[in-house]
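Enquirer: Quick one: the structure is below, and I'll ask about it shortly.
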Amino acid sequence: MKRILTGDRPTGKLHLGHYMGSLRNRVRLQHEYDTFLIIADVQALTTNWETPEQLACDVREVTKDNLAAGIDPEAATIFVQSMVPQIAELTVFYSMFVPVNVLRHNPTIKTEAAQKGYKDLMYGFLGYPISQAADITFCKAHLVPVGKDQVPHLELTRKIARRFNELYGKVLVEPEAMVQGILAGLDGNAKMSKSLDNAVYLADPPEEVVRKTNTAVTDPARIRKHDPGHPEVCTVFSYQSEFAPRFAEELEVACRKGEIGCVECKQQLAHTLNELLAPMRERRVYYDARHDLVDEILRAGTKRAVEVGAETLAQVKDAMKIDYFAQEAALAR
Ligand code: TRP
């Protein structure tokens, strides 16, 4: 079975942007691929190093977000990044042959640094794409479902795998990205994100979804209900085409003809989103009442990840000829 690796930074609850970018695909593919889901707590520290005590809670929240979204813990391996030491070790080896300028020019690093107002970048932040390459290659993943913003990291991962294999011998798998678009924020910003406060969370209760969809920006040129609308610039329409594509076709016609107003359209959207989120809420109630089960899922997943990581690391050291005592044992034979 081919392998998937993907995952999230535990910096808070996951939202619809995460769902569209990656969760939806991981749920859909979890039985076709051997699916590994990383809770990237070390990567979360690249921005949240001042509040590490927050991670204990966020690691579990993000795990529950995945389970609520429909991840089957019997099928997928969910694990904690910091508890798989082989990922940290691979990061060190890869960092020997990744030029600093490649990292400095990574567009996602640049955007995130600008958003956070970072000037002199921390070493760990600048280098996290190398660590992400280790996240992906430690289990020799073939496929990585991610949002478009992750493409530069996937390109680097492919380069690292290729370079490693050229330098030392073929050990690593060059993974393919499975790329989804980026979901806009409720405020019309190009990206839904927690820091921009424009997100609908997977854990939001129904009333909150209604309240938030009412604030969503629509076509600014539309003043009266019967003005013809422009769905292509409307956030509400973009969500409908993503989460209820058939219904969106009807809406598009009605909007262009000025037959449906924005107020009604927002109500329809709340309905679409609440239908999508209802089964997730049910599963969340189940896991919220079972803390021990969530921890057990993480413990078992991490154990398996460590086994897989140990195997890859042994091959990596063998290829690099730095498994000194193993070589000695071979020579003595
Ligand atoms: N960088 C990803 C994000 O911000 C999270 C992540 C960490 C990830 N390691 C990964 C995604 C490996 C895919 C594969 O969402």
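Ligands are numbered from 1 in the order shown, chains are lettered A, B, ... in the order of the structure tokens, and residues start at 1 in each chain.
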Determine, counting only C-alpha atoms, which protein, DNA and RNA residues have an atom within 6 Å of an atom of Phe79 of chain A; residues of the same chain fewer than 6 positions away are not included. Present the result as a ChimeraX atom specification.
Expert: /A:38,298,301-302
Enquirer: Store the residues picked out above in a file with N, CA, C and O atoms, as a CSV table (one decimal), in the first residue's frame.
Expert:
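Listing of again25.csv after writing:
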```csv
chain,number,residue,atom,x,y,z
A,38,ILE,N,0.7,13.7,11.0
A,38,ILE,CA,1.6,14.3,12.0
A,38,ILE,C,1.0,15.4,12.7
A,38,ILE,O,0.3,16.3,12.1
A,298,LEU,N,-3.0,8.4,20.2
A,298,LEU,CA,-1.7,9.1,19.9
A,298,LEU,C,-0.5,8.3,20.3
A,298,LEU,O,0.5,8.2,19.6
A,301,GLY,N,-0.2,5.4,17.8
A,301,GLY,CA,0.3,6.0,16.5
A,301,GLY,C,1.8,6.4,16.5
A,301,GLY,O,2.6,6.1,15.6
A,302,THR,N,2.1,7.0,17.7
A,302,THR,CA,3.5,7.4,17.8
A,302,THR,C,4.5,6.2,17.9
A,302,THR,O,5.6,6.2,17.3
```
Enquirer: Would you tabulate, counting only C-alpha atoms and all ligand atoms, all residues of chain A that have an atom at most 9 Å from an atom of ligand 1, showing the closest pair of atoms and their distance in Å to one decimal, sorted by chain then ascending number, as CSV?
Expert:
```
residue,atom,partner,partner_atom_place_in_ligand_line,distance
A:Leu5,CA,ligand 1,14 (C),5.8
A:Thr6,CA,ligand 1,13 (C),3.9
A:Gly7,CA,ligand 1,11 (C),4.6
A:Asp8,CA,ligand 1,5 (C),4.1
A:Arg9,CA,ligand 1,5 (C),5.1
A:Pro10,CA,ligand 1,5 (C),8.7
A:His18,CA,ligand 1,15 (O),7.5
A:Gly21,CA,ligand 1,15 (O),8.9
A:Ser22,CA,ligand 1,13 (C),8.6
A:Leu37,CA,ligand 1,14 (C),8.2
A:Ile38,CA,ligand 1,9 (N),6.4
A:Ile39,CA,ligand 1,7 (C),7.4
A:Ala40,CA,ligand 1,7 (C),5.1
A:Asp41,CA,ligand 1,7 (C),8.4
A:Val42,CA,ligand 1,7 (C),8.8
A:Gln43,CA,ligand 1,7 (C),6.4
A:Ala44,CA,ligand 1,4 (O),8.4
A:Gln81,CA,ligand 1,9 (N),8.4
A:Tyr128,CA,ligand 1,1 (N),8.4
A:Pro129,CA,ligand 1,1 (N),7.8
A:Ser131,CA,ligand 1,9 (N),7.7
A:Gln132,CA,ligand 1,9 (N),4.7
A:Ala133,CA,ligand 1,12 (C),7.1
A:Ala134,CA,ligand 1,12 (C),8.3
A:Asp135,CA,ligand 1,12 (C),5.4
A:Ile136,CA,ligand 1,12 (C),5.4
A:Val144,CA,ligand 1,14 (C),6.1
A:Pro145,CA,ligand 1,13 (C),7.0
A:Val146,CA,ligand 1,13 (C),6.0
A:Gly147,CA,ligand 1,15 (O),7.7
A:Asp149,CA,ligand 1,4 (O),8.4
A:Gln150,CA,ligand 1,1 (N),6.4
A:His153,CA,ligand 1,1 (N),7.9
A:Leu154,CA,ligand 1,14 (C),8.0
```
Enquirer: Write a file of the just-selected residues containing C-alpha atoms, as an mmCIF file, in the first residue's frame.
Expert:
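File produced: part-v8.cif:
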```cif
data_model
loop_
_atom_site.group_PDB
_atom_site.id
_atom_site.type_symbol
_atom_site.label_atom_id
_atom_site.label_comp_id
_atom_site.auth_asym_id
_atom_site.auth_seq_id
_atom_site.Cartn_x
_atom_site.Cartn_y
_atom_site.Cartn_z
ATOM 1 C CA LEU A 5 1.828 11.741 5.121
ATOM 2 C CA THR A 6 0.214 15.019 6.007
ATOM 3 C CA GLY A 7 -0.710 16.948 9.112
ATOM 4 C CA ASP A 8 -1.094 20.175 11.000
ATOM 5 C CA ARG A 9 0.588 22.493 13.442
ATOM 6 C CA PRO A 10 -1.183 22.383 16.779
ATOM 7 C CA HIS A 18 -7.722 23.224 6.826
ATOM 8 C CA GLY A 21 -6.878 22.100 1.958
ATOM 9 C CA SER A 22 -6.129 18.726 3.411
ATOM 10 C CA LEU A 37 -0.953 12.108 10.226
ATOM 11 C CA ILE A 38 1.596 14.281 11.957
ATOM 12 C CA ILE A 39 0.719 16.573 14.836
ATOM 13 C CA ALA A 40 3.596 18.961 14.139
ATOM 14 C CA ASP A 41 4.248 20.326 17.615
ATOM 15 C CA VAL A 42 7.911 21.133 16.944
ATOM 16 C CA GLN A 43 6.860 23.180 13.920
ATOM 17 C CA ALA A 44 4.282 24.973 16.118
ATOM 18 C CA GLN A 81 6.286 14.973 15.900
ATOM 19 C CA TYR A 128 11.367 24.452 9.338
ATOM 20 C CA PRO A 129 10.905 23.448 5.676
ATOM 21 C CA SER A 131 12.179 19.650 9.226
ATOM 22 C CA GLN A 132 8.996 19.282 7.165
ATOM 23 C CA ALA A 133 10.996 17.317 4.581
ATOM 24 C CA ALA A 134 12.006 15.007 7.435
ATOM 25 C CA ASP A 135 8.332 14.726 8.503
ATOM 26 C CA ILE A 136 7.461 13.517 5.028
ATOM 27 C CA VAL A 144 1.116 14.605 0.583
ATOM 28 C CA PRO A 145 -2.360 16.219 0.518
ATOM 29 C CA VAL A 146 -1.864 19.921 1.311
ATOM 30 C CA GLY A 147 -3.076 23.419 0.542
ATOM 31 C CA ASP A 149 0.685 27.449 0.383
ATOM 32 C CA GLN A 150 2.644 24.257 1.142
ATOM 33 C CA HIS A 153 7.887 23.027 1.061
ATOM 34 C CA LEU A 154 6.955 20.049 -1.073
#
```
Enquirer: Where does DSSP see strand (DSSP E) in segment 87-216 of chain A, if you list the residues as a CSV table (one decimal) with C-alpha atoms, in the first residue's frame?
Expert:
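And here's part.csv as it stands now:
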```
chain,number,residue,atom,x,y,z
A,143,LEU,CA,1.6,11.4,-1.5
A,144,VAL,CA,1.1,14.6,0.6
A,145,PRO,CA,-2.4,16.2,0.5
A,146,VAL,CA,-1.9,19.9,1.3
A,147,GLY,CA,-3.1,23.4,0.5
A,176,GLU,CA,4.0,13.9,-4.8
A,177,ALA,CA,2.0,16.8,-3.6
A,178,MET,CA,-1.8,16.6,-3.9
A,179,VAL,CA,-2.6,20.3,-4.0
A,180,GLN,CA,-5.9,22.0,-3.1
```
Enquirer: Name the residues in contact with Thr47 of chain A at a cut-off of 12 Å, using only C-alpha atoms, excluding same-chain residues fewer than 2 positions from it; report them as a list in words.
Expert: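 Contacts, in chain order: Arg9, Pro10, Thr11, Asp41, Val42, Gln43, Ala44, Leu45, Trp49, Glu50, Thr51, Pro52, Ile109, Glu112, Ala113, Gln115, Lys116, Gly117, Tyr118, Leu121, Met122, Tyr123, Gly124, Phe125, Leu126 and Tyr128 of chain A.
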Enquirer: May I have the residues from that selection written out with N, CA, C and O atoms, as a compact mmCIF listing (two decimals), in the first residue's frame?
Expert:
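Resulting contents of part12.txt:
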```txt
# COMPACT_ATOMS: atom_id res chain seq x y z
N ARG A 9 -0.05 21.92 12.25
CA ARG A 9 0.59 22.49 13.44
C ARG A 9 -0.46 22.63 14.52
O ARG A 9 -1.51 23.23 14.26
N PRO A 10 -0.21 22.17 15.71
CA PRO A 10 -1.18 22.38 16.78
C PRO A 10 -1.03 23.78 17.38
O PRO A 10 -0.37 23.97 18.39
N THR A 11 -1.63 24.75 16.72
CA THR A 11 -1.59 26.12 17.24
C THR A 11 -3.00 26.60 17.58
O THR A 11 -3.21 27.80 17.75
N ASP A 41 4.07 19.43 16.45
CA ASP A 41 4.25 20.33 17.62
C ASP A 41 5.58 21.07 17.58
O ASP A 41 5.66 22.20 18.04
N VAL A 42 6.62 20.43 17.03
CA VAL A 42 7.91 21.13 16.94
C VAL A 42 7.78 22.32 15.98
O VAL A 42 8.24 23.42 16.26
N GLN A 43 7.08 22.08 14.87
CA GLN A 43 6.86 23.18 13.92
C GLN A 43 6.02 24.30 14.56
O GLN A 43 6.23 25.47 14.29
N ALA A 44 5.08 23.95 15.42
CA ALA A 44 4.28 24.97 16.12
C ALA A 44 5.19 25.86 16.97
O ALA A 44 4.96 27.06 17.11
N LEU A 45 6.24 25.26 17.51
CA LEU A 45 7.17 26.04 18.36
C LEU A 45 7.95 27.08 17.58
O LEU A 45 8.48 28.02 18.17
N TRP A 49 7.17 29.60 20.48
CA TRP A 49 8.16 29.11 21.43
C TRP A 49 8.00 29.71 22.83
O TRP A 49 8.48 29.15 23.81
N GLU A 50 7.29 30.82 22.92
CA GLU A 50 7.14 31.45 24.24
C GLU A 50 6.04 30.81 25.09
O GLU A 50 5.99 31.03 26.29
N THR A 51 5.19 30.01 24.43
CA THR A 51 4.08 29.39 25.18
C THR A 51 3.99 27.88 24.94
O THR A 51 2.95 27.36 24.54
N PRO A 52 5.09 27.17 25.19
CA PRO A 52 5.07 25.72 24.93
C PRO A 52 4.03 24.98 25.78
O PRO A 52 3.57 23.92 25.38
N ILE A 109 7.72 30.95 3.63
CA ILE A 109 8.49 31.50 4.76
C ILE A 109 8.39 33.03 4.75
O ILE A 109 8.16 33.66 5.78
N GLU A 112 4.85 34.21 5.76
CA GLU A 112 4.60 34.00 7.20
C GLU A 112 5.44 34.95 8.04
O GLU A 112 4.95 35.49 9.04
N ALA A 113 6.68 35.17 7.64
CA ALA A 113 7.55 36.09 8.40
C ALA A 113 6.98 37.50 8.36
O ALA A 113 6.95 38.20 9.37
N GLN A 115 3.81 38.31 7.87
CA GLN A 115 2.57 38.32 8.64
C GLN A 115 2.84 38.44 10.15
O GLN A 115 2.12 39.11 10.87
N LYS A 116 3.90 37.77 10.60
CA LYS A 116 4.24 37.78 12.03
C LYS A 116 5.09 39.01 12.39
O LYS A 116 5.40 39.21 13.56
N GLY A 117 5.54 39.75 11.37
CA GLY A 117 6.41 40.90 11.64
C GLY A 117 7.82 40.50 12.05
O GLY A 117 8.53 41.27 12.69
N TYR A 118 8.26 39.28 11.66
CA TYR A 118 9.63 38.86 11.99
C TYR A 118 10.61 39.58 11.08
O TYR A 118 10.38 39.70 9.87
N LEU A 121 15.16 36.42 11.32
CA LEU A 121 14.45 35.15 11.49
C LEU A 121 15.19 34.20 12.43
O LEU A 121 16.41 34.11 12.40
N MET A 122 14.43 33.51 13.26
CA MET A 122 15.00 32.48 14.10
C MET A 122 15.46 31.33 13.19
O MET A 122 14.82 31.02 12.19
N TYR A 123 16.54 30.70 13.63
CA TYR A 123 17.14 29.58 12.89
C TYR A 123 16.11 28.46 12.67
O TYR A 123 15.98 27.92 11.57
N GLY A 124 15.36 28.15 13.71
CA GLY A 124 14.37 27.08 13.62
C GLY A 124 13.24 27.43 12.67
O GLY A 124 12.76 26.57 11.92
N PHE A 125 12.82 28.67 12.69
CA PHE A 125 11.75 29.11 11.78
C PHE A 125 12.24 29.06 10.33
O PHE A 125 11.57 28.49 9.46
N LEU A 126 13.40 29.64 10.09
CA LEU A 126 13.95 29.65 8.72
C LEU A 126 14.11 28.22 8.19
O LEU A 126 13.89 27.95 7.02
N TYR A 128 12.42 25.45 9.15
CA TYR A 128 11.37 24.45 9.34
C TYR A 128 10.99 23.69 8.06
O TYR A 128 10.57 22.54 8.14
```
Enquirer: Contacts of Val171 of chain A at 9 Å or less, counting only C-alpha atoms, minus same-chain residues fewer than 5 places along, as JSON, numbers by chain?
Expert: {"A": [140, 161, 164, 165, 312, 315, 316, 319]}
Enquirer: A:Val151, A:Ala68, A:Val263, A:Ala141: which is nearest Ile182 of chain A, counting only C-alpha atoms?
Expert: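 Closest to Ile182 of chain A, using only C-alpha atoms: A:Val151.
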Enquirer: I'd like a table as a tab-separated table: residues in segment 54-140 of chain A with an atom no more than 8 Å from segment 280-289 of chain A, each row giving the shortest atom pair and its distance in Å to one decimal, only C-alpha atoms counted, sorted by chain and rising residue number.
Expert:
```
residue	atom	partner	partner_atom	distance
A:Lys64	CA	A:Arg284	CA	6.6
A:Asp65	CA	A:Arg284	CA	7.5
A:Leu67	CA	A:Arg283	CA	7.3
A:Ala68	CA	A:Met280	CA	4.6
A:Ala69	CA	A:Met280	CA	5.4
A:Gly70	CA	A:Met280	CA	7.2
```
Enquirer: Take the residues just selected and output them with N, CA and C atoms as a tab-separated table (two decimals), in the first residue's frame.
Expert:
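What follows is the written file selection28.tsv:
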```tsv
chain	number	residue	atom	x	y	z
A	64	LYS	N	-8.40	15.63	17.93
A	64	LYS	CA	-9.87	15.49	17.93
A	64	LYS	C	-10.49	16.11	16.68
A	65	ASP	N	-9.90	17.21	16.18
A	65	ASP	CA	-10.39	17.78	14.93
A	65	ASP	C	-10.30	16.76	13.80
A	67	LEU	N	-10.18	13.42	14.12
A	67	LEU	CA	-11.11	12.32	14.37
A	67	LEU	C	-12.54	12.77	14.08
A	68	ALA	N	-12.85	14.01	14.47
A	68	ALA	CA	-14.20	14.54	14.22
A	68	ALA	C	-14.44	14.68	12.72
A	69	ALA	N	-13.41	15.05	11.98
A	69	ALA	CA	-13.56	15.20	10.52
A	69	ALA	C	-13.79	13.87	9.82
A	70	GLY	N	-13.55	12.78	10.54
A	70	GLY	CA	-13.85	11.46	9.96
A	70	GLY	C	-12.65	10.55	9.82
```
Enquirer: Compile the contact shell of segment 216-233 of chain A as a list in words: residues with an atom at most 10 Å away, counting only C-alpha atoms, same-chain residues fewer than 5 positions apart removed.
Expert: Gly185, Leu186, Asp187, Gly188, Asn189, Asn198, Arg211, Ser238, Ser241, Ala248, Leu251, Glu252, Val253, Ala254, Cys255, Arg256, Lys257, Gly258, Glu259, Ile260, Gly261, Cys262, Val263, Glu264, Cys265, Lys266 and Leu269 of chain A
Enquirer: With only C-alpha atoms as the basis for distance, which of A:Leu167, A:Ala310, A:Leu202, A:Leu55 is at the shortest distance from Phe97 of chain A?
Expert: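 Among the listed residues, A:Leu167 lies closest to Phe97 of chain A.
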Enquirer: To one decimal place in Å, what is the distance between atom CA of Thr91 of chain A and atom CA of Lys170 of chain A?
Expert: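 Computing the Euclidean distance for atom CA of Thr91 of chain A and atom CA of Lys170 of chain A yields 17.7 Å.
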Enquirer: Mind pulling up the distance from atom CA of Gly309 of chain A to atom CA of Gln327 of chain A?
Expert: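 So the answer is 20.5 Å.
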Enquirer: Tell me which of A:Arg3, A:Asp72, A:Glu61, A:Arg299 sits closest to Val173 of chain A, counting only C-alpha atoms.
Expert: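 Among A:Arg3, A:Asp72, A:Glu61, A:Arg299, it is A:Arg3 that comes nearest to Val173 of chain A.
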